[in-house]
Amino acid sequence: MDISALPARERILHTAHDLFYADGIRATGIDRVIAESGVTKVTFYRHFPSKDDLVREFLDHRHARWMAWFVDALGRRGAHDRVGDAGALLLLADVMAEWFADPAFRGCAFINSVAEVGGSVEGAAERAREHKREMVEVIAGLLSGASSSRMALAQAAALGVDGAIVKAQMGDMALAREAVDDLRRLLAALAAA
């Protein structure tokens, strides 16, 4: 995406998103974000008074972007036509396989952010919890049954998804494929339960 035509605030946010996700929040300095987004320091600080403000905006932006992709990826596989079918749950493994194969994959930005900045950036952990809660809701929407049993199953599936994400992030494509296979087995067991 060519961001050069975007307004300054959006250029900064897109640049920070790519750098924070690829290299980490702590490893990415504000001077690098400023240089790569092509803005002045004055412009940067007018939009983001601190790096913490930028981190919170990054997490909000990443959440919207990832959730849109996640819902779309499930839809492209026909998950919404299979709501209530155990096979809908198994599609999560295919969705994760797609994401893990992306050359830009660096794990979950929310897991990474909590590990990196945890409680030192006010609001970061809350945004991560909200992201994971919304992911569980999307998964629960694929399931049938009473609300409490759907949520319990969705939470178990989401925990498996998070485990697969962490495993895939720790290695190469072979380990990522292994993570997807592990997730597929877990989801099959959950769907059969």
# chains A, B, ... in the order shown; residues from 1 in each chain; ligands from 1
$ residues_around --residues "A:Asp162" --least-positions-apart "4" --cutoff "8 Å" --atoms "only C-alpha atoms" --output "list in words"
Cys108, Ala158 and Val166 of chain A
$ closest_residue --among "A:Ala5, A:Val83, A:Met135, A:Leu91" --to "A:Arg185" --atoms "only C-alpha atoms"
A:Leu91
$ select_by_dssp --residues "stretch 28-176 of chain A" --states "helix (DSSP H, G or I)" --output "ChimeraX atom specification"
/A:30-37,41-47,51-76,79-81,86-101,109-120,124-140,147-169,173-176
$ closest_residue --among "A:Ala97, A:Ala152, A:Val121, A:Ala140" --to "A:Arg177" --atoms "only C-alpha atoms"
A:Ala97
$ residues_around --residues "A:Leu13" --least-positions-apart "5" --cutoff "12 Å" --atoms "only C-alpha atoms" --output "PDB file with N, CA, C and O atoms, in the first residue's frame"
ATOM      1  N   ILE A   3       1.419   4.714   1.023  1.00  0.00           N
ATOM      2  CA  ILE A   3       0.824   5.582   2.031  1.00  0.00           C
ATOM      3  C   ILE A   3       1.157   7.053   1.826  1.00  0.00           C
ATOM      4  O   ILE A   3       0.685   7.904   2.569  1.00  0.00           O
ATOM      5  N   LEU A   6      -1.635   9.598   1.893  1.00  0.00           N
ATOM      6  CA  LEU A   6      -2.486   9.672   3.076  1.00  0.00           C
ATOM      7  C   LEU A   6      -2.177  10.925   3.893  1.00  0.00           C
ATOM      8  O   LEU A   6      -1.057  11.433   3.865  1.00  0.00           O
ATOM      9  N   PRO A   7      -3.161  11.386   4.668  1.00  0.00           N
ATOM     10  CA  PRO A   7      -2.883  12.487   5.600  1.00  0.00           C
ATOM     11  C   PRO A   7      -1.791  12.062   6.588  1.00  0.00           C
ATOM     12  O   PRO A   7      -1.594  10.866   6.850  1.00  0.00           O
ATOM     13  N   ALA A   8      -1.109  13.036   7.172  1.00  0.00           N
ATOM     14  CA  ALA A   8       0.038  12.766   8.038  1.00  0.00           C
ATOM     15  C   ALA A   8      -0.287  11.793   9.162  1.00  0.00           C
ATOM     16  O   ALA A   8       0.482  10.855   9.420  1.00  0.00           O
ATOM     17  N   ASP A  18       3.323  -1.089  10.797  1.00  0.00           N
ATOM     18  CA  ASP A  18       4.235  -2.015  10.121  1.00  0.00           C
ATOM     19  C   ASP A  18       5.525  -2.226  10.914  1.00  0.00           C
ATOM     20  O   ASP A  18       6.004  -3.354  11.034  1.00  0.00           O
ATOM     21  N   LEU A  19       6.061  -1.143  11.458  1.00  0.00           N
ATOM     22  CA  LEU A  19       7.317  -1.255  12.217  1.00  0.00           C
ATOM     23  C   LEU A  19       7.117  -1.951  13.559  1.00  0.00           C
ATOM     24  O   LEU A  19       7.906  -2.819  13.928  1.00  0.00           O
ATOM     25  N   PHE A  20       6.083  -1.571  14.296  1.00  0.00           N
ATOM     26  CA  PHE A  20       5.828  -2.204  15.592  1.00  0.00           C
ATOM     27  C   PHE A  20       5.563  -3.693  15.422  1.00  0.00           C
ATOM     28  O   PHE A  20       6.036  -4.508  16.202  1.00  0.00           O
ATOM     29  N   TYR A  21       4.787  -4.047  14.390  1.00  0.00           N
ATOM     30  CA  TYR A  21       4.469  -5.454  14.195  1.00  0.00           C
ATOM     31  C   TYR A  21       5.698  -6.244  13.749  1.00  0.00           C
ATOM     32  O   TYR A  21       5.946  -7.341  14.225  1.00  0.00           O
ATOM     33  N   ILE A  30      10.765   6.439  18.023  1.00  0.00           N
ATOM     34  CA  ILE A  30       9.921   7.473  17.411  1.00  0.00           C
ATOM     35  C   ILE A  30      10.628   8.132  16.230  1.00  0.00           C
ATOM     36  O   ILE A  30       9.996   8.416  15.210  1.00  0.00           O
ATOM     37  N   VAL A  33       9.988   6.108  13.185  1.00  0.00           N
ATOM     38  CA  VAL A  33       8.606   6.262  12.710  1.00  0.00           C
ATOM     39  C   VAL A  33       8.461   7.592  11.980  1.00  0.00           C
ATOM     40  O   VAL A  33       7.871   7.655  10.900  1.00  0.00           O
ATOM     41  N   ILE A  34       9.029   8.640  12.549  1.00  0.00           N
ATOM     42  CA  ILE A  34       8.961   9.972  11.935  1.00  0.00           C
ATOM     43  C   ILE A  34       9.638   9.955  10.566  1.00  0.00           C
ATOM     44  O   ILE A  34       9.063  10.410   9.566  1.00  0.00           O
ATOM     45  N   GLU A  36      10.391   7.395   8.539  1.00  0.00           N
ATOM     46  CA  GLU A  36       9.771   6.527   7.538  1.00  0.00           C
ATOM     47  C   GLU A  36       8.366   6.967   7.140  1.00  0.00           C
ATOM     48  O   GLU A  36       7.885   6.587   6.075  1.00  0.00           O
ATOM     49  N   SER A  37       7.722   7.752   7.992  1.00  0.00           N
ATOM     50  CA  SER A  37       6.392   8.251   7.616  1.00  0.00           C
ATOM     51  C   SER A  37       6.479   9.581   6.875  1.00  0.00           C
ATOM     52  O   SER A  37       5.491  10.050   6.316  1.00  0.00           O
ATOM     53  N   GLY A  38       7.682  10.175   6.870  1.00  0.00           N
ATOM     54  CA  GLY A  38       7.893  11.406   6.108  1.00  0.00           C
ATOM     55  C   GLY A  38       7.226  12.630   6.719  1.00  0.00           C
ATOM     56  O   GLY A  38       6.766  13.512   5.986  1.00  0.00           O
ATOM     57  N   VAL A  39       7.186  12.688   8.042  1.00  0.00           N
ATOM     58  CA  VAL A  39       6.612  13.854   8.714  1.00  0.00           C
ATOM     59  C   VAL A  39       7.689  14.509   9.577  1.00  0.00           C
ATOM     60  O   VAL A  39       8.743  13.930   9.807  1.00  0.00           O
ATOM     61  N   PHE A  44       4.397  14.967  14.047  1.00  0.00           N
ATOM     62  CA  PHE A  44       4.214  13.726  14.797  1.00  0.00           C
ATOM     63  C   PHE A  44       3.609  14.013  16.168  1.00  0.00           C
ATOM     64  O   PHE A  44       2.595  13.433  16.552  1.00  0.00           O
ATOM     65  N   HIS A  47      -0.031  14.984  16.523  1.00  0.00           N
ATOM     66  CA  HIS A  47      -0.993  13.880  16.412  1.00  0.00           C
ATOM     67  C   HIS A  47      -0.862  12.862  17.538  1.00  0.00           C
ATOM     68  O   HIS A  47      -1.857  12.262  17.955  1.00  0.00           O
ATOM     69  N   PHE A  48       0.358  12.639  17.989  1.00  0.00           N
ATOM     70  CA  PHE A  48       0.629  11.642  19.029  1.00  0.00           C
ATOM     71  C   PHE A  48       1.567  12.260  20.061  1.00  0.00           C
ATOM     72  O   PHE A  48       2.782  12.247  19.881  1.00  0.00           O
ATOM     73  N   LYS A  51       4.793   8.317  22.759  1.00  0.00           N
ATOM     74  CA  LYS A  51       4.860   6.999  22.137  1.00  0.00           C
ATOM     75  C   LYS A  51       3.745   6.109  22.664  1.00  0.00           C
ATOM     76  O   LYS A  51       3.173   5.309  21.908  1.00  0.00           O
ATOM     77  N   ASP A  53       0.744   6.992  23.396  1.00  0.00           N
ATOM     78  CA  ASP A  53      -0.456   7.310  22.615  1.00  0.00           C
ATOM     79  C   ASP A  53      -0.428   6.587  21.273  1.00  0.00           C
ATOM     80  O   ASP A  53      -1.441   6.052  20.822  1.00  0.00           O
ATOM     81  N   LEU A  54       0.737   6.566  20.649  1.00  0.00           N
ATOM     82  CA  LEU A  54       0.884   5.878  19.366  1.00  0.00           C
ATOM     83  C   LEU A  54       0.696   4.373  19.535  1.00  0.00           C
ATOM     84  O   LEU A  54       0.058   3.726  18.701  1.00  0.00           O
ATOM     85  N   VAL A  55       1.210   3.801  20.603  1.00  0.00           N
ATOM     86  CA  VAL A  55       1.050   2.365  20.854  1.00  0.00           C
ATOM     87  C   VAL A  55      -0.426   2.022  21.002  1.00  0.00           C
ATOM     88  O   VAL A  55      -0.908   1.033  20.422  1.00  0.00           O
ATOM     89  N   ARG A  56      -1.163   2.822  21.749  1.00  0.00           N
ATOM     90  CA  ARG A  56      -2.597   2.552  21.914  1.00  0.00           C
ATOM     91  C   ARG A  56      -3.330   2.639  20.572  1.00  0.00           C
ATOM     92  O   ARG A  56      -4.169   1.798  20.264  1.00  0.00           O
ATOM     93  N   GLU A  57      -2.994   3.646  19.773  1.00  0.00           N
ATOM     94  CA  GLU A  57      -3.615   3.775  18.448  1.00  0.00           C
ATOM     95  C   GLU A  57      -3.222   2.604  17.536  1.00  0.00           C
ATOM     96  O   GLU A  57      -4.032   2.109  16.768  1.00  0.00           O
ATOM     97  N   PHE A  58      -1.962   2.191  17.620  1.00  0.00           N
ATOM     98  CA  PHE A  58      -1.502   1.019  16.864  1.00  0.00           C
ATOM     99  C   PHE A  58      -2.345  -0.196  17.214  1.00  0.00           C
ATOM    100  O   PHE A  58      -2.799  -0.929  16.336  1.00  0.00           O
ATOM    101  N   LEU A  59      -2.569  -0.430  18.500  1.00  0.00           N
ATOM    102  CA  LEU A  59      -3.348  -1.595  18.923  1.00  0.00           C
ATOM    103  C   LEU A  59      -4.794  -1.503  18.438  1.00  0.00           C
ATOM    104  O   LEU A  59      -5.363  -2.506  17.983  1.00  0.00           O
ATOM    105  N   ASP A  60      -5.381  -0.315  18.493  1.00  0.00           N
ATOM    106  CA  ASP A  60      -6.743  -0.140  17.978  1.00  0.00           C
ATOM    107  C   ASP A  60      -6.794  -0.402  16.471  1.00  0.00           C
ATOM    108  O   ASP A  60      -7.701  -1.076  15.964  1.00  0.00           O
ATOM    109  N   HIS A  61      -5.810   0.139  15.764  1.00  0.00           N
ATOM    110  CA  HIS A  61      -5.731  -0.045  14.306  1.00  0.00           C
ATOM    111  C   HIS A  61      -5.515  -1.522  13.966  1.00  0.00           C
ATOM    112  O   HIS A  61      -6.178  -2.069  13.076  1.00  0.00           O
ATOM    113  N   ARG A  62      -4.605  -2.162  14.667  1.00  0.00           N
ATOM    114  CA  ARG A  62      -4.318  -3.576  14.418  1.00  0.00           C
ATOM    115  C   ARG A  62      -5.547  -4.437  14.692  1.00  0.00           C
ATOM    116  O   ARG A  62      -5.844  -5.375  13.958  1.00  0.00           O
TER     117      ARG A  62
END
$ residues_around --residues "A:Ala164" --least-positions-apart "6" --cutoff "12 Å" --atoms "only C-alpha atoms" --output "VMD selection string"
chain A and resid 92 to 97 99 to 100 107 to 108 157 to 158 170 to 171 175 to 187
$ write_last_selection --atoms "N, CA and C atoms" --output "mmCIF file, in the first residue's frame"
data_model
loop_
_atom_site.group_PDB
_atom_site.id
_atom_site.type_symbol
_atom_site.label_atom_id
_atom_site.label_comp_id
_atom_site.auth_asym_id
_atom_site.auth_seq_id
_atom_site.Cartn_x
_atom_site.Cartn_y
_atom_site.Cartn_z
ATOM 1 N N LEU A 92 -11.106 -22.888 11.383
ATOM 2 C CA LEU A 92 -10.141 -22.017 12.067
ATOM 3 C C LEU A 92 -8.709 -22.420 11.740
ATOM 4 N N ALA A 93 -8.464 -23.719 11.608
ATOM 5 C CA ALA A 93 -7.114 -24.178 11.283
ATOM 6 C C ALA A 93 -6.705 -23.714 9.886
ATOM 7 N N ASP A 94 -7.630 -23.733 8.931
ATOM 8 C CA ASP A 94 -7.319 -23.265 7.583
ATOM 9 C C ASP A 94 -7.034 -21.766 7.574
ATOM 10 N N VAL A 95 -7.799 -21.029 8.368
ATOM 11 C CA VAL A 95 -7.598 -19.582 8.459
ATOM 12 C C VAL A 95 -6.217 -19.282 9.052
ATOM 13 N N MET A 96 -5.862 -19.998 10.097
ATOM 14 C CA MET A 96 -4.546 -19.778 10.704
ATOM 15 C C MET A 96 -3.424 -20.174 9.740
ATOM 16 N N ALA A 97 -3.618 -21.255 8.994
ATOM 17 C CA ALA A 97 -2.606 -21.667 8.015
ATOM 18 C C ALA A 97 -2.367 -20.558 6.995
ATOM 19 N N TRP A 99 -2.764 -17.332 7.476
ATOM 20 C CA TRP A 99 -2.049 -16.234 8.139
ATOM 21 C C TRP A 99 -0.588 -16.602 8.370
ATOM 22 N N PHE A 100 -0.339 -17.817 8.833
ATOM 23 C CA PHE A 100 1.035 -18.235 9.121
ATOM 24 C C PHE A 100 1.898 -18.246 7.863
ATOM 25 N N GLY A 107 3.394 -13.339 14.461
ATOM 26 C CA GLY A 107 2.622 -13.707 15.634
ATOM 27 C C GLY A 107 1.490 -12.737 15.887
ATOM 28 N N CYS A 108 0.917 -12.841 17.050
ATOM 29 C CA CYS A 108 -0.203 -11.993 17.447
ATOM 30 C C CYS A 108 0.340 -10.683 18.010
ATOM 31 N N ALA A 157 -11.443 -23.169 21.917
ATOM 32 C CA ALA A 157 -10.908 -23.088 20.555
ATOM 33 C C ALA A 157 -9.963 -21.896 20.422
ATOM 34 N N ALA A 158 -10.321 -20.752 21.005
ATOM 35 C CA ALA A 158 -9.477 -19.558 20.938
ATOM 36 C C ALA A 158 -8.150 -19.781 21.652
ATOM 37 N N MET A 170 7.451 -19.188 16.704
ATOM 38 C CA MET A 170 8.756 -19.589 17.240
ATOM 39 C C MET A 170 9.640 -20.315 16.234
ATOM 40 N N GLY A 171 9.132 -20.576 15.040
ATOM 41 C CA GLY A 171 9.957 -21.368 14.135
ATOM 42 C C GLY A 171 9.790 -20.988 12.687
ATOM 43 N N LEU A 175 7.458 -25.656 11.348
ATOM 44 C CA LEU A 175 6.846 -25.548 12.677
ATOM 45 C C LEU A 175 5.455 -24.920 12.578
ATOM 46 N N ALA A 176 5.280 -23.985 11.671
ATOM 47 C CA ALA A 176 3.960 -23.383 11.466
ATOM 48 C C ALA A 176 2.970 -24.431 10.983
ATOM 49 N N ARG A 177 3.391 -25.300 10.062
ATOM 50 C CA ARG A 177 2.504 -26.384 9.597
ATOM 51 C C ARG A 177 2.182 -27.343 10.739
ATOM 52 N N GLU A 178 3.171 -27.621 11.572
ATOM 53 C CA GLU A 178 2.949 -28.476 12.742
ATOM 54 C C GLU A 178 1.941 -27.826 13.693
ATOM 55 N N ALA A 179 2.041 -26.519 13.871
ATOM 56 C CA ALA A 179 1.100 -25.798 14.734
ATOM 57 C C ALA A 179 -0.317 -25.905 14.183
ATOM 58 N N VAL A 180 -0.467 -25.792 12.866
ATOM 59 C CA VAL A 180 -1.785 -25.920 12.242
ATOM 60 C C VAL A 180 -2.312 -27.342 12.415
ATOM 61 N N ASP A 181 -1.459 -28.338 12.229
ATOM 62 C CA ASP A 181 -1.884 -29.732 12.420
ATOM 63 C C ASP A 181 -2.322 -29.979 13.858
ATOM 64 N N ASP A 182 -1.561 -29.447 14.821
ATOM 65 C CA ASP A 182 -1.936 -29.573 16.231
ATOM 66 C C ASP A 182 -3.281 -28.903 16.488
ATOM 67 N N LEU A 183 -3.465 -27.721 15.924
ATOM 68 C CA LEU A 183 -4.718 -26.994 16.100
ATOM 69 C C LEU A 183 -5.871 -27.771 15.481
ATOM 70 N N ARG A 184 -5.649 -28.336 14.305
ATOM 71 C CA ARG A 184 -6.702 -29.105 13.634
ATOM 72 C C ARG A 184 -7.137 -30.289 14.510
ATOM 73 N N ARG A 185 -6.177 -30.986 15.128
ATOM 74 C CA ARG A 185 -6.520 -32.114 16.013
ATOM 75 C C ARG A 185 -7.304 -31.639 17.232
ATOM 76 N N LEU A 186 -6.865 -30.528 17.807
ATOM 77 C CA LEU A 186 -7.572 -29.997 18.966
ATOM 78 C C LEU A 186 -9.007 -29.595 18.590
ATOM 79 N N LEU A 187 -9.162 -28.887 17.477
ATOM 80 C CA LEU A 187 -10.489 -28.455 17.056
ATOM 81 C C LEU A 187 -11.390 -29.638 16.739
#
$ atom_distance --atom1 "atom CA of A:Leu89" --atom2 "atom CA of A:Ala193"
12.2 Å
$ atom_distance --atom1 "atom CA of A:Thr40" --atom2 "atom CA of A:Ile25"
20.2 Å
$ atom_distance --atom1 "atom CA of A:Gly84" --atom2 "atom CA of A:Leu143"
4.4 Å
$ residues_around --residues "A:Met67" --least-positions-apart "5" --cutoff "10 Å" --atoms "only C-alpha atoms" --output "MDAnalysis selection string"
chainID A and resid 62 72:73 131 134:135 138
$ residues_around --residues "A:Glu137" --least-positions-apart "3" --cutoff "9 Å" --atoms "only C-alpha atoms" --output "list in words"
Lys132, Arg133, Glu134, Ala140, Gly141, Leu142, Met151, Ala154 and Gln155 of chain A
$ write_last_selection --atoms "C-alpha atoms" --output "PDB file, in the first residue's frame"
ATOM      1  CA  LYS A 132      -9.202 -11.707  22.425  1.00  0.00           C
ATOM      2  CA  ARG A 133     -12.772 -11.334  23.719  1.00  0.00           C
ATOM      3  CA  GLU A 134     -13.954 -10.238  20.285  1.00  0.00           C
ATOM      4  CA  ALA A 140     -18.844 -18.515  19.173  1.00  0.00           C
ATOM      5  CA  GLY A 141     -20.868 -17.178  16.251  1.00  0.00           C
ATOM      6  CA  LEU A 142     -19.854 -20.258  14.277  1.00  0.00           C
ATOM      7  CA  MET A 151     -18.866 -19.603  24.776  1.00  0.00           C
ATOM      8  CA  ALA A 154     -15.280 -20.905  21.675  1.00  0.00           C
ATOM      9  CA  GLN A 155     -12.926 -20.009  24.544  1.00  0.00           C
TER      10      GLN A 155
END
$ closest_residue --among "A:Gly29, A:Asp2, A:Glu98, A:Ala22" --to "A:Phe70" --atoms "only C-alpha atoms"
A:Glu98
$ decode --residues "stretch 93-126 of chain A" --atoms "N, CA and C atoms" --output "compact mmCIF listing (two decimals), in the first residue's frame"
# COMPACT_ATOMS: atom_id res chain seq x y z
N ALA A 93 -8.46 -23.72 11.61
CA ALA A 93 -7.11 -24.18 11.28
C ALA A 93 -6.70 -23.71 9.89
N ASP A 94 -7.63 -23.73 8.93
CA ASP A 94 -7.32 -23.26 7.58
C ASP A 94 -7.03 -21.77 7.57
N VAL A 95 -7.80 -21.03 8.37
CA VAL A 95 -7.60 -19.58 8.46
C VAL A 95 -6.22 -19.28 9.05
N MET A 96 -5.86 -20.00 10.10
CA MET A 96 -4.55 -19.78 10.70
C MET A 96 -3.42 -20.17 9.74
N ALA A 97 -3.62 -21.25 8.99
CA ALA A 97 -2.61 -21.67 8.02
C ALA A 97 -2.37 -20.56 7.00
N GLU A 98 -3.44 -19.91 6.56
CA GLU A 98 -3.30 -18.79 5.62
C GLU A 98 -2.47 -17.67 6.24
N TRP A 99 -2.76 -17.33 7.48
CA TRP A 99 -2.05 -16.23 8.14
C TRP A 99 -0.59 -16.60 8.37
N PHE A 100 -0.34 -17.82 8.83
CA PHE A 100 1.03 -18.24 9.12
C PHE A 100 1.90 -18.25 7.86
N ALA A 101 1.29 -18.45 6.70
CA ALA A 101 2.03 -18.49 5.44
C ALA A 101 2.38 -17.09 4.92
N ASP A 102 1.76 -16.06 5.48
CA ASP A 102 2.04 -14.69 5.06
C ASP A 102 3.47 -14.34 5.46
N PRO A 103 4.30 -13.87 4.53
CA PRO A 103 5.69 -13.52 4.87
C PRO A 103 5.79 -12.46 5.97
N ALA A 104 4.75 -11.67 6.16
CA ALA A 104 4.78 -10.63 7.19
C ALA A 104 4.36 -11.16 8.57
N PHE A 105 3.97 -12.44 8.66
CA PHE A 105 3.51 -13.00 9.94
C PHE A 105 4.60 -12.89 11.00
N ARG A 106 4.24 -12.28 12.13
CA ARG A 106 5.15 -12.16 13.28
C ARG A 106 4.40 -12.48 14.57
N GLY A 107 3.39 -13.34 14.46
CA GLY A 107 2.62 -13.71 15.63
C GLY A 107 1.49 -12.74 15.89
N CYS A 108 0.92 -12.84 17.05
CA CYS A 108 -0.20 -11.99 17.45
C CYS A 108 0.34 -10.68 18.01
N ALA A 109 -0.05 -9.59 17.41
CA ALA A 109 0.41 -8.28 17.87
C ALA A 109 0.00 -8.01 19.31
N PHE A 110 -1.09 -8.62 19.74
CA PHE A 110 -1.59 -8.37 21.10
C PHE A 110 -0.83 -9.20 22.13
N ILE A 111 -0.56 -10.45 21.82
CA ILE A 111 0.27 -11.27 22.70
C ILE A 111 1.66 -10.64 22.78
N ASN A 112 2.21 -10.25 21.63
CA ASN A 112 3.54 -9.64 21.59
C ASN A 112 3.57 -8.34 22.39
N SER A 113 2.55 -7.52 22.25
CA SER A 113 2.51 -6.23 22.94
C SER A 113 2.43 -6.39 24.45
N VAL A 114 1.60 -7.32 24.89
CA VAL A 114 1.49 -7.54 26.33
C VAL A 114 2.82 -8.05 26.88
N ALA A 115 3.47 -8.94 26.14
CA ALA A 115 4.77 -9.45 26.58
C ALA A 115 5.81 -8.34 26.59
N GLU A 116 5.71 -7.44 25.63
CA GLU A 116 6.72 -6.39 25.49
C GLU A 116 6.50 -5.21 26.43
N VAL A 117 5.29 -4.69 26.46
CA VAL A 117 5.05 -3.47 27.24
C VAL A 117 4.09 -3.68 28.40
N GLY A 118 3.39 -4.82 28.42
CA GLY A 118 2.51 -5.17 29.53
C GLY A 118 1.82 -4.01 30.18
N GLY A 119 2.06 -3.84 31.46
CA GLY A 119 1.43 -2.77 32.21
C GLY A 119 2.12 -1.44 32.10
N SER A 120 3.23 -1.36 31.37
CA SER A 120 3.95 -0.09 31.29
C SER A 120 3.30 0.90 30.33
N VAL A 121 2.43 0.43 29.45
CA VAL A 121 1.67 1.32 28.57
C VAL A 121 0.21 1.21 28.99
N GLU A 122 -0.29 2.25 29.62
CA GLU A 122 -1.66 2.23 30.10
C GLU A 122 -2.62 1.93 28.96
N GLY A 123 -3.48 0.95 29.18
CA GLY A 123 -4.49 0.60 28.19
C GLY A 123 -4.08 -0.52 27.25
N ALA A 124 -2.81 -0.87 27.20
CA ALA A 124 -2.36 -1.90 26.26
C ALA A 124 -2.96 -3.26 26.61
N ALA A 125 -2.88 -3.65 27.86
CA ALA A 125 -3.40 -4.96 28.26
C ALA A 125 -4.92 -5.02 28.08
N GLU A 126 -5.60 -3.91 28.37
CA GLU A 126 -7.05 -3.88 28.19
C GLU A 126 -7.42 -4.06 26.72
